[in-house]
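One structure below.
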Protein chains: 4
Amino acid sequence: MATPFKRIGLFGRTGTPGVKETLQSLIDYLLPLGCDICVELETADALKMTDLPIISREQLSLQADLLIVIGGDGSLLHAAHTAVDQKIPVLGINRGSLGFLTDILPTALDQVGMILQGHYQIEDRFLLTASVSQPGQASQEDNALNEVAIMPAAFPHMIEFEIYINDEFVCSQHADGIIAATPTGSTAYAMSGGGPILHPALNAIVLVPMFPHSLNSRPIVVPGDAEVTVLISPDSQTVPRLSCDGHPCISIPGGSKITLHKKPQPLQLVHPIDYSYYKALRSKLHWGKKLTHGE
Amino acid sequence: MATPFKRIGLFGRTGTPGVKETLQSLIDYLLPLGCDICVELETADALKMTDLPIISREQLSLQADLLIVIGGDGSLLHAAHTAVDQKIPVLGINRGSLGFLTDILPTALDQVGMILQGHYQIEDRFLLTASVSQPGQASQEDNALNEVAIMPAAFPHMIEFEIYINDEFVCSQHADGIIAATPTGSTAYAMSGGGPILHPALNAIVLVPMFPHSLNSRPIVVPGDAEVTVLISPDSQTVPRLSCDGHPCISIPGGSKITLHKKPQPLQLVHPIDYSYYKALRSKLHWGKKLTHGE
Amino acid sequence: MATPFKRIGLFGRTGTPGVKETLQSLIDYLLPLGCDICVELETADALKMTDLPIISREQLSLQADLLIVIGGDGSLLHAAHTAVDQKIPVLGINRGSLGFLTDILPTALDQVGMILQGHYQIEDRFLLTASVSQPGQASQEDNALNEVAIMPAAFPHMIEFEIYINDEFVCSQHADGIIAATPTGSTAYAMSGGGPILHPALNAIVLVPMFPHSLNSRPIVVPGDAEVTVLISPDSQTVPRLSCDGHPCISIPGGSKITLHKKPQPLQLVHPIDYSYYKALRSKLHWGKKLTHGE
Amino acid sequence: MATPFKRIGLFGRTGTPGVKETLQSLIDYLLPLGCDICVELETADALKMTDLPIISREQLSLQADLLIVIGGDGSLLHAAHTAVDQKIPVLGINRGSLGFLTDILPTALDQVGMILQGHYQIEDRFLLTASVSQPGQASQEDNALNEVAIMPAAFPHMIEFEIYINDEFVCSQHADGIIAATPTGSTAYAMSGGGPILHPALNAIVLVPMFPHSLNSRPIVVPGDAEVTVLISPDSQTVPRLSCDGHPCISIPGGSKITLHKKPQPLQLVHPIDYSYYKALRSKLHWGKKLTHGE
């Protein structure tokens, strides 16, 4: 096989129906190809798989040069953080419908075979690192492939904050919060809030205000290498929280400073050779097909 | 003077009140500084100026290494096409309120003096070139600093078209039309249609559907080097038209193919040394000032 | 038959595929039921139907107490003006997918039978009357079941106008135009422009600005009995036009005054007894079905 | 005095700067007019006022036939619940800028005098009552003048729910939540979420989805007498909460049923005789003034 991918790590989450079946089908498909396969520890535990090498997330790169995730976009999002830290590319097999991140249907495992033979596309997707510093506290950090959201934790829900880009003052806002999304995340939570779609090849971040008090607020797209700073008003009457990729993480009381910048190490996303971003868009957003001969 | 700008061309449009007065103030300000000044032909005609060298647009670069425009953003937009063709930088003096493109107020002509002394910022703003090819016709071309809009010319107003990016099919749409805007144009017509703000440093184009029939349509931001193609359905029951920067230009009947790409030669926009894009945004969009100490 | 509908008028447009076939099926279905059937003149001409009584639009009410329209929502919209003038209720049979106005599929003609037996709902839908008065000209009038749109006819496309409600000044706007929609029209063109959905039972009109220059513009819903007046600025540099239900009608140069009010005579729309407005919404807008047991 | 308002109750909140000063000015203005004045208990406590009769909220109607609120829209919103329960009209004096609910500036107390002389408008504004029933629990109830919001209390923030109107199924949604706003509330939180403006005279409720997962979701305006029911999915992985007018109130775990209906007793809002709703809109939303002679 003319491929860099000889050793495969497998990852799946248990909540989703059909994951175990697809994982087993994949193993049955891969073993005859002579692949070395290992299963991530929590996946193995949850699915009670004992007949293959089991490995912790932190050691995946020792045993695998490709991580295959079985599940939806949420599962791939979850696994992405491990893949980035372990510097191994990731491929997603979707349970059910096509995802933005998980391209391969369980009924098309031969696409995995093609990829292992070297027929694939690889795409860098950048992450955002959020650093939070608060008066009198050690700073905290987290990463997001989709978005960093600054949101209220309780009523009253309005937050007052200032935005700076590369240390230049942009504006102050009264809003429920703000979302800073990568191109990858532009079709996720940010889009529900009225943000535009950013092509994945763009080096850009979109800032989407959440329920802004002023009608003049608009999503703003800034260069991906910009440093975005959000200062929570010291007079804030509530304690907002910062969430990366939908997971709760850090309380950010009044006076907190949140700095966002692009993480140097990107996620490497593997696609079938005939992958089309626009086809995924059309499928997910029910966009119009070709006028003359459909698709 | 340590400046590349020794010879100044002047441009103004007559519709706007106060343009003649500001032009005269500017001349009175510049002459004692020892500048060589010339006036663009139509400007001189309209304002009946006869005591300074007069020059046609096509020859501006022979006599000027800086074009100063007096008027609003519309006037600068108009002059920009000449400035790009003549490859000379342009500076805008606004009559009235601050513009996105015209930074200097007529009450602050000393900022022009500072610029001539070499204290300035220069910024590249790219244009879009639209090429239209129709069955059995010579192709036509036009340029836009703000946006290319494909719009209906008559009722029924719905247009059916396909979008391709780098020859890859994106989607078909039933809509009143579509706007393709540069970062410069993102705060103009495209914003009225719900498009996001693109920072001027971004190398990106935003496509904004106009009154799309499908609720799933969204603005999409693509790399600035992408080639965007729009195919008007051959079955189109109406003859749409293509407009660059709000000027009517080209009829595009069913079967027309419109190709958009970045014009190689950018506009060079001159700003005062303390220019801030965000300050212009705050001023034009009434965005919130600093929370603690205003601005 | 315990029904007010014994004499049926038929109306169809020829552009739409399958209309003739469905019309014939409907006739074959209705004749054995003992209905008196007549065909509208243009429909008969276009479809070359000669074996049934033919009648002009203006005389429909002499021969029919129900008008059945075969086609899409556009056909019903077209026929609605005749139905209102002739004061006869209208029922729509859709070719293809469910419409907002045309509830019955050609495969479910038994629903027509049920209606003729007296099992139906009848719903009033109001129209808007637009009166245009221009300096030195006789006033003109037109009606709209969906919406009255004030739009540019040529470049430059921006219109400047003032809005009054019940003679009280509301605001001035710079925009491409404005849409005034009935609840019936709220799911048509107005929705493409970002307007809300108005339940058909609401006595309300929604005003939707088109590409407003100010970001603060928002759709506004006003009482259905309000008189809405739009004054085109006397300084208007363009001649906008007024369009009712997507048909071109009246040029409205600078200084024109457009007055909108509810037409006293409503359209009577006939539905099957189990008709649900929300089901039509779900079907047309792909809204979510019941969580537990689908639909 | 030809007025129904002889006995005035005063209400102010302490957080807002200038409330005490305006309250004192108002008292100084009212006493010479021969008014009977009483001060609401908490207001008196907070502002340390001891020289006027003090009365609890629950007994306001015994001593007052008009409640004057000093503060912003938030203060009036707060006082409105008391005014409705006590069935006395309410008048708002704004500290600072014009509000939607508080029409009178502290520099224009003579408008209060005019009102007491009988020159005023009175307007009914309806409230929404939200009833929550949960399996195995007593039902709970709360009222909102602006809006009832169903929102997440914690991550993951997505809620799954069904909407019914008059027991007819409308749709299911995956969203952060939903806002049901009165016309009064349509210019408050609901507008931040993209909802339309509803004229206060409309008998209508607008439902605005919050960060809906589907791009096809739209605000929907339904008759004010409709009963709106929201069923939280029994499988909900989070415990949302229901908030009336921005105050936290009721936990609504999976399986909860929320029923919204118009409260029979409206708020009576008193305005100066020359009050204009549209003037308030123009002022708050920076809408365009008259084209020819400004305003």
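Simple scheme: letters A, B, ... for chains in structure tokens order, numbers from 1 for residues in each chain, numbers from 1 for ligands in the order shown.
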
Using only C-alpha atoms, what table do you get, as a Markdown table, when you list each residue of segment 103-137 of chain B with an atom no more than 7 Å from segment 2-16 of chain B, its nearest pair of atoms, and their distance in Å rounded to one decimal, rows by chain then rising number?
```
| residue | atom | partner | partner_atom | distance |
| --- | --- | --- | --- | --- |
| B:Leu116 | CA | B:Thr3 | CA | 5.7 |
| B:Gln117 | CA | B:Thr3 | CA | 5.5 |
| B:Gly118 | CA | B:Thr3 | CA | 4.6 |
```

Just the selected residues (N, CA, C and O atoms), exported as a PDB file, in the first residue's frame, please.
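What follows is the written file selection.pdb:
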```
ATOM      1  N   LEU B 116       1.547  64.792   3.484  1.00  0.00           N
ATOM      2  CA  LEU B 116       2.543  65.231   2.494  1.00  0.00           C
ATOM      3  C   LEU B 116       3.951  65.237   3.092  1.00  0.00           C
ATOM      4  O   LEU B 116       4.943  65.130   2.376  1.00  0.00           O
ATOM      5  N   GLN B 117       4.002  65.372   4.421  1.00  0.00           N
ATOM      6  CA  GLN B 117       5.311  65.298   5.082  1.00  0.00           C
ATOM      7  C   GLN B 117       5.758  63.849   5.288  1.00  0.00           C
ATOM      8  O   GLN B 117       6.819  63.607   5.869  1.00  0.00           O
ATOM      9  N   GLY B 118       4.960  62.927   4.852  1.00  0.00           N
ATOM     10  CA  GLY B 118       5.382  61.535   4.927  1.00  0.00           C
ATOM     11  C   GLY B 118       4.763  60.751   6.062  1.00  0.00           C
ATOM     12  O   GLY B 118       5.070  59.577   6.258  1.00  0.00           O
TER      13      GLY B 118
END
```

Practice item. Define the interface residues of chain D facing chain C as those within 9 Å, counting only C-alpha atoms, and report them as an MDAnalysis selection string. Key: chainID D and resid 160:162 168:174 191 194:204 206 214 216:224 233 276:279 281:282 285:292

Once you have the residues from the selection above, write them out as a CSV table (one decimal), in the first residue's frame, restricted to N, CA and C atoms.
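File result_10.csv, as written:
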```csv
chain,number,residue,atom,x,y,z
D,160,GLU,N,-34.9,20.7,23.0
D,160,GLU,CA,-35.7,20.1,22.0
D,160,GLU,C,-37.2,20.2,22.5
D,161,PHE,N,-38.0,20.8,21.7
D,161,PHE,CA,-39.4,21.0,22.2
D,161,PHE,C,-40.4,21.1,21.0
D,162,GLU,N,-41.6,20.9,21.3
D,162,GLU,CA,-42.7,21.0,20.4
D,162,GLU,C,-43.6,22.2,20.7
D,168,GLU,N,-53.2,22.7,18.3
D,168,GLU,CA,-52.8,22.2,16.9
D,168,GLU,C,-51.3,22.2,16.9
D,169,PHE,N,-50.7,21.1,16.4
D,169,PHE,CA,-49.3,20.9,16.4
D,169,PHE,C,-48.7,21.9,15.3
D,170,VAL,N,-47.7,22.7,15.7
D,170,VAL,CA,-47.1,23.6,14.8
D,170,VAL,C,-45.8,23.0,14.2
D,171,CYS,N,-44.8,22.8,15.1
D,171,CYS,CA,-43.5,22.2,14.7
D,171,CYS,C,-42.8,21.8,16.0
D,172,SER,N,-41.7,21.0,15.7
D,172,SER,CA,-40.7,20.8,16.8
D,172,SER,C,-39.5,21.6,16.4
D,173,GLN,N,-38.7,21.9,17.4
D,173,GLN,CA,-37.5,22.7,17.2
D,173,GLN,C,-36.4,22.2,18.1
D,174,HIS,N,-35.1,22.2,17.5
D,174,HIS,CA,-33.9,22.2,18.3
D,174,HIS,C,-33.4,23.6,18.3
D,191,MET,N,-36.5,41.6,19.8
D,191,MET,CA,-36.0,42.2,18.7
D,191,MET,C,-34.5,41.9,18.5
D,194,GLY,N,-34.0,39.0,16.4
D,194,GLY,CA,-34.5,39.1,15.0
D,194,GLY,C,-36.0,39.1,14.8
D,195,GLY,N,-36.7,39.4,15.9
D,195,GLY,CA,-38.2,39.4,15.8
D,195,GLY,C,-38.6,40.8,15.2
D,196,PRO,N,-39.8,40.8,14.6
D,196,PRO,CA,-40.3,42.1,14.0
D,196,PRO,C,-40.9,43.0,15.1
D,197,ILE,N,-41.1,44.2,14.8
D,197,ILE,CA,-41.8,45.1,15.6
D,197,ILE,C,-43.3,44.9,15.5
D,198,LEU,N,-44.0,44.8,16.6
D,198,LEU,CA,-45.5,44.7,16.6
D,198,LEU,C,-46.0,46.0,17.1
D,199,HIS,N,-46.9,46.6,16.3
D,199,HIS,CA,-47.6,47.9,16.8
D,199,HIS,C,-48.3,47.5,18.1
D,200,PRO,N,-48.3,48.4,19.1
D,200,PRO,CA,-48.9,48.1,20.4
D,200,PRO,C,-50.4,47.9,20.3
D,201,ALA,N,-51.0,48.4,19.3
D,201,ALA,CA,-52.5,48.2,19.2
D,201,ALA,C,-52.8,46.8,18.7
D,202,LEU,N,-51.8,46.0,18.2
D,202,LEU,CA,-52.1,44.7,17.7
D,202,LEU,C,-52.4,43.7,18.8
D,203,ASN,N,-53.4,42.9,18.5
D,203,ASN,CA,-53.7,41.8,19.4
D,203,ASN,C,-53.0,40.6,18.9
D,204,ALA,N,-51.7,40.5,19.2
D,204,ALA,CA,-50.8,39.4,18.6
D,204,ALA,C,-49.7,39.1,19.5
D,206,VAL,N,-45.7,37.3,19.2
D,206,VAL,CA,-44.7,36.8,18.3
D,206,VAL,C,-43.8,35.8,18.9
D,214,SER,N,-32.2,24.7,12.8
D,214,SER,CA,-32.6,24.8,11.4
D,214,SER,C,-32.7,26.2,10.9
D,216,ASN,N,-34.4,27.2,8.5
D,216,ASN,CA,-35.8,27.5,8.1
D,216,ASN,C,-36.7,28.1,9.1
D,217,SER,N,-36.2,28.2,10.3
D,217,SER,CA,-37.0,28.7,11.4
D,217,SER,C,-37.2,30.2,11.2
D,218,ARG,N,-38.3,30.8,11.5
D,218,ARG,CA,-38.6,32.2,11.3
D,218,ARG,C,-39.5,32.6,12.5
D,219,PRO,N,-39.4,33.9,12.8
D,219,PRO,CA,-40.4,34.4,13.8
D,219,PRO,C,-41.8,34.2,13.2
D,220,ILE,N,-42.8,33.9,14.0
D,220,ILE,CA,-44.2,33.7,13.6
D,220,ILE,C,-45.1,34.5,14.5
D,221,VAL,N,-46.0,35.3,13.9
D,221,VAL,CA,-46.9,36.2,14.6
D,221,VAL,C,-48.3,35.5,14.7
D,222,VAL,N,-48.8,35.3,15.8
D,222,VAL,CA,-50.1,34.6,16.0
D,222,VAL,C,-51.1,35.4,16.7
D,223,PRO,N,-52.4,35.2,16.5
D,223,PRO,CA,-53.4,36.0,17.2
D,223,PRO,C,-53.2,36.0,18.7
D,224,GLY,N,-53.4,37.2,19.3
D,224,GLY,CA,-53.2,37.4,20.8
D,224,GLY,C,-54.1,36.5,21.6
D,233,SER,N,-39.1,18.3,25.4
D,233,SER,CA,-39.0,16.9,25.1
D,233,SER,C,-38.7,16.1,26.4
D,276,SER,N,-46.6,60.0,20.7
D,276,SER,CA,-46.5,59.2,19.5
D,276,SER,C,-45.6,58.0,19.6
D,277,TYR,N,-46.2,56.8,19.3
D,277,TYR,CA,-45.4,55.6,19.4
D,277,TYR,C,-44.3,55.6,18.4
D,278,TYR,N,-44.6,56.2,17.2
D,278,TYR,CA,-43.6,56.2,16.2
D,278,TYR,C,-42.4,57.1,16.5
D,279,LYS,N,-42.7,58.2,17.2
D,279,LYS,CA,-41.7,59.1,17.7
D,279,LYS,C,-40.7,58.4,18.6
D,281,LEU,N,-40.2,55.1,18.6
D,281,LEU,CA,-39.4,54.2,17.7
D,281,LEU,C,-38.3,55.0,17.1
D,282,ARG,N,-38.6,56.1,16.5
D,282,ARG,CA,-37.6,56.9,15.8
D,282,ARG,C,-36.4,57.3,16.7
D,285,LEU,N,-34.6,53.9,17.9
D,285,LEU,CA,-33.9,53.1,16.9
D,285,LEU,C,-33.2,54.0,15.9
D,286,HIS,N,-33.1,55.3,16.2
D,286,HIS,CA,-32.4,56.2,15.2
D,286,HIS,C,-33.0,56.1,13.8
D,287,TRP,N,-34.3,56.0,13.7
D,287,TRP,CA,-34.9,55.9,12.4
D,287,TRP,C,-34.9,57.3,11.8
D,288,GLY,N,-35.1,57.3,10.4
D,288,GLY,CA,-35.0,58.5,9.7
D,288,GLY,C,-36.1,59.5,9.9
D,289,LYS,N,-35.7,60.8,10.0
D,289,LYS,CA,-36.7,61.9,10.2
D,289,LYS,C,-37.3,62.3,8.9
D,290,LYS,N,-38.2,63.2,9.0
D,290,LYS,CA,-38.9,63.7,7.8
D,290,LYS,C,-37.8,64.2,6.8
D,291,LEU,N,-38.1,64.0,5.5
D,291,LEU,CA,-37.0,64.3,4.5
D,291,LEU,C,-36.9,65.8,4.3
D,292,THR,N,-38.0,66.5,4.3
D,292,THR,CA,-38.0,67.9,3.9
D,292,THR,C,-37.7,68.8,5.1
```

Review point. Which parts of segment 85-236 of chain A does DSSP call helix (DSSP H, G or I) when run on the backbone here, written out as a list in words?
Key: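 Secondary structure check on segment 85-236 of chain A, helix (DSSP H, G or I): Asp85, Asp110, Gln111, Val112, Gly113, Met114, Ile115, Leu116, Thr184, Gly185, Ser186, Thr187, Tyr189, Ala190, Met191 and Ser192 of chain A.
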
Write the residues of the selection above to a file with N, CA, C and O atoms, as a JSON list (two decimals), in the first residue's frame.
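What follows is the written file selection_10.json:
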```
[["chain", "number", "residue", "atom", "x", "y", "z"],
["A", 85, "ASP", "N", -3.47, 17.18, 19.48],
["A", 85, "ASP", "CA", -2.41, 17.03, 20.48],
["A", 85, "ASP", "C", -1.44, 15.92, 20.09],
["A", 85, "ASP", "O", -0.24, 16.03, 20.29],
["A", 110, "ASP", "N", -15.60, 1.10, 1.37],
["A", 110, "ASP", "CA", -14.57, 0.99, 0.34],
["A", 110, "ASP", "C", -13.85, 2.33, 0.15],
["A", 110, "ASP", "O", -12.71, 2.37, -0.32],
["A", 111, "GLN", "N", -14.51, 3.45, 0.54],
["A", 111, "GLN", "CA", -13.82, 4.74, 0.48],
["A", 111, "GLN", "C", -12.65, 4.77, 1.46],
["A", 111, "GLN", "O", -11.64, 5.41, 1.21],
["A", 112, "VAL", "N", -12.80, 4.06, 2.59],
["A", 112, "VAL", "CA", -11.68, 3.95, 3.53],
["A", 112, "VAL", "C", -10.53, 3.20, 2.87],
["A", 112, "VAL", "O", -9.36, 3.59, 2.98],
["A", 113, "GLY", "N", -10.90, 2.13, 2.15],
["A", 113, "GLY", "CA", -9.87, 1.37, 1.44],
["A", 113, "GLY", "C", -9.11, 2.23, 0.44],
["A", 113, "GLY", "O", -7.88, 2.18, 0.37],
["A", 114, "MET", "N", -9.81, 3.02, -0.30],
["A", 114, "MET", "CA", -9.18, 3.93, -1.27],
["A", 114, "MET", "C", -8.23, 4.89, -0.58],
["A", 114, "MET", "O", -7.13, 5.16, -1.06],
["A", 115, "ILE", "N", -8.67, 5.39, 0.57],
["A", 115, "ILE", "CA", -7.83, 6.33, 1.32],
["A", 115, "ILE", "C", -6.55, 5.64, 1.76],
["A", 115, "ILE", "O", -5.44, 6.20, 1.64],
["A", 116, "LEU", "N", -6.68, 4.40, 2.25],
["A", 116, "LEU", "CA", -5.50, 3.68, 2.73],
["A", 116, "LEU", "C", -4.55, 3.37, 1.57],
["A", 116, "LEU", "O", -3.35, 3.21, 1.76],
["A", 184, "THR", "N", -14.36, 26.28, 10.17],
["A", 184, "THR", "CA", -15.00, 25.00, 10.47],
["A", 184, "THR", "C", -16.27, 25.20, 11.28],
["A", 184, "THR", "O", -17.30, 24.57, 11.03],
["A", 185, "GLY", "N", -16.22, 26.11, 12.24],
["A", 185, "GLY", "CA", -17.37, 26.34, 13.11],
["A", 185, "GLY", "C", -18.40, 27.28, 12.51],
["A", 185, "GLY", "O", -19.49, 27.45, 13.08],
["A", 186, "SER", "N", -18.09, 27.87, 11.35],
["A", 186, "SER", "CA", -19.03, 28.85, 10.80],
["A", 186, "SER", "C", -20.34, 28.23, 10.38],
["A", 186, "SER", "O", -21.36, 28.91, 10.30],
["A", 187, "THR", "N", -20.35, 26.92, 10.15],
["A", 187, "THR", "CA", -21.61, 26.25, 9.79],
["A", 187, "THR", "C", -22.27, 25.58, 11.00],
["A", 187, "THR", "O", -23.21, 24.80, 10.83],
["A", 189, "TYR", "N", -22.71, 26.49, 15.45],
["A", 189, "TYR", "CA", -23.47, 27.39, 16.34],
["A", 189, "TYR", "C", -23.51, 28.82, 15.81],
["A", 189, "TYR", "O", -24.55, 29.50, 15.90],
["A", 190, "ALA", "N", -22.41, 29.28, 15.23],
["A", 190, "ALA", "CA", -22.35, 30.66, 14.74],
["A", 190, "ALA", "C", -23.41, 30.90, 13.66],
["A", 190, "ALA", "O", -23.95, 32.01, 13.55],
["A", 191, "MET", "N", -23.71, 29.89, 12.88],
["A", 191, "MET", "CA", -24.69, 30.06, 11.81],
["A", 191, "MET", "C", -26.11, 30.20, 12.39],
["A", 191, "MET", "O", -26.92, 30.97, 11.86],
["A", 192, "SER", "N", -26.40, 29.51, 13.47],
["A", 192, "SER", "CA", -27.69, 29.69, 14.14],
["A", 192, "SER", "C", -27.87, 31.12, 14.62],
["A", 192, "SER", "O", -28.98, 31.61, 14.73]]
```

**Study point:** Residues of segment 162-205 of chain B in strand (DSSP E), written as number ranges by chain
**Key:** B: 162-165, 168-175, 177-181, 197-198, 204-205

Exercise for review: Excluding segment 40-57 of chain B and any residue of its chain fewer than 5 positions from it, enumerate the residues within 12 Å of it, using only C-alpha atoms, and give them as number ranges by chain.
Suggested key: B: 7-24, 27-28, 31, 35, 62-64, 67-71, 75, 78-88

Point to revise | Near-Asn166 of chain A list (9 Å; only C-alpha atoms; drop same-chain fewer than 3 positions) as a PyMOL selection string | key: chain A and resi 169+226-229

Exercise for review: For Thr238 of chain C, list every protein, DNA or RNA residue within 10 Å, evaluated using only C-alpha atoms, and leave out those in the same chain fewer than 6 positions away; present the list as JSON, numbers by chain.
Suggested key: {"C": [152, 153, 154, 155, 156, 157, 158, 159, 160, 252, 253, 254]}

Requested write-out: N, CA, C and O atoms of the selected residues, as a CSV table (one decimal), in the first residue's frame:
```csv
chain,number,residue,atom,x,y,z
C,152,PRO,N,-37.3,49.8,-7.3
C,152,PRO,CA,-36.7,50.6,-8.3
C,152,PRO,C,-36.9,50.0,-9.7
C,152,PRO,O,-37.0,48.8,-9.8
C,153,ALA,N,-37.0,50.8,-10.7
C,153,ALA,CA,-37.1,50.4,-12.0
C,153,ALA,C,-35.8,50.4,-12.7
C,153,ALA,O,-35.6,49.7,-13.8
C,154,ALA,N,-34.8,51.1,-12.2
C,154,ALA,CA,-33.5,51.3,-12.9
C,154,ALA,C,-32.5,51.8,-12.0
C,154,ALA,O,-32.8,52.1,-10.8
C,155,PHE,N,-31.3,51.8,-12.4
C,155,PHE,CA,-30.2,52.4,-11.6
C,155,PHE,C,-30.2,53.9,-11.7
C,155,PHE,O,-30.5,54.4,-12.7
C,156,PRO,N,-29.7,54.6,-10.6
C,156,PRO,CA,-29.4,54.1,-9.3
C,156,PRO,C,-30.7,53.6,-8.6
C,156,PRO,O,-31.7,54.2,-8.8
C,157,HIS,N,-30.5,52.5,-7.8
C,157,HIS,CA,-31.7,51.8,-7.4
C,157,HIS,C,-32.2,52.3,-6.0
C,157,HIS,O,-33.3,51.9,-5.6
C,158,MET,N,-31.5,53.1,-5.3
C,158,MET,CA,-31.9,53.6,-4.0
C,158,MET,C,-33.1,54.5,-4.1
C,158,MET,O,-33.1,55.5,-4.9
C,159,ILE,N,-34.1,54.3,-3.3
C,159,ILE,CA,-35.3,55.2,-3.3
C,159,ILE,C,-35.4,55.9,-1.9
C,159,ILE,O,-35.0,55.3,-0.9
C,160,GLU,N,-35.8,57.1,-1.9
C,160,GLU,CA,-36.0,57.8,-0.6
C,160,GLU,C,-37.5,58.0,-0.5
C,160,GLU,O,-38.1,58.6,-1.4
C,252,ILE,N,-44.2,55.2,-10.4
C,252,ILE,CA,-44.4,56.2,-9.3
C,252,ILE,C,-43.3,57.1,-9.1
C,252,ILE,O,-42.4,56.9,-8.3
C,253,PRO,N,-43.2,58.1,-10.0
C,253,PRO,CA,-42.1,59.1,-10.0
C,253,PRO,C,-42.1,59.9,-8.7
C,253,PRO,O,-43.0,59.8,-7.9
C,254,GLY,N,-41.0,60.6,-8.4
C,254,GLY,CA,-40.9,61.5,-7.3
C,254,GLY,C,-42.1,62.3,-7.0
C,254,GLY,O,-42.6,62.9,-8.0
```

Point to revise | Pick from D:Asp103, D:Asp124, D:Asp36, D:Asp225, whichever lies nearest to Ile273 of chain D using only C-alpha atoms | key: D:Asp103

Check your understanding: So, counting only C-alpha atoms, which residue among D:Met151, D:Gly193, D:Gln59, D:Val270 is closest to Leu101 of chain D?
Key ->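 Comparing D:Met151, D:Gly193, D:Gln59, D:Val270 against Leu101 of chain D, the winner is D:Val270.
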
Point to revise | Spatial neighbours of Thr102 of chain A, max dist 8 Å, only C-alpha atoms, sep filter under 3 positions, as a ChimeraX atom specification | key: /A:71-73,76,91-94,98-99

With C-alpha atoms retained, could you export that selection as a JSON list (two decimals), in the first residue's frame?
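Once everything was written out, this is result_24.json:
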```json
[["chain", "number", "residue", "atom", "x", "y", "z"],
["A", 71, "GLY", "CA", -20.12, 8.95, 14.84],
["A", 72, "GLY", "CA", -21.47, 12.37, 13.97],
["A", 73, "ASP", "CA", -19.78, 15.73, 13.71],
["A", 76, "LEU", "CA", -15.28, 14.10, 15.48],
["A", 91, "LEU", "CA", -11.05, 10.64, 9.25],
["A", 92, "GLY", "CA", -14.75, 10.58, 10.07],
["A", 93, "ILE", "CA", -17.32, 7.89, 9.34],
["A", 94, "ASN", "CA", -20.81, 9.18, 9.87],
["A", 98, "LEU", "CA", -23.55, 13.19, 5.82],
["A", 99, "GLY", "CA", -21.82, 15.56, 8.22]]
```

Check your understanding: What is the distance between atom CA of Ala149 of chain D and atom CA of Val132 of chain D, in Å to one decimal?
Key ->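 About the pair atom CA of Ala149 of chain D and atom CA of Val132 of chain D: they are 12.6 Å apart.
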
Review point. When you draw a straight line from atom CA of Tyr120 of chain A to atom CA of Gly34 of chain A, how long is it in Å?
Key: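 Between these atoms lies a distance of 18.9 Å.
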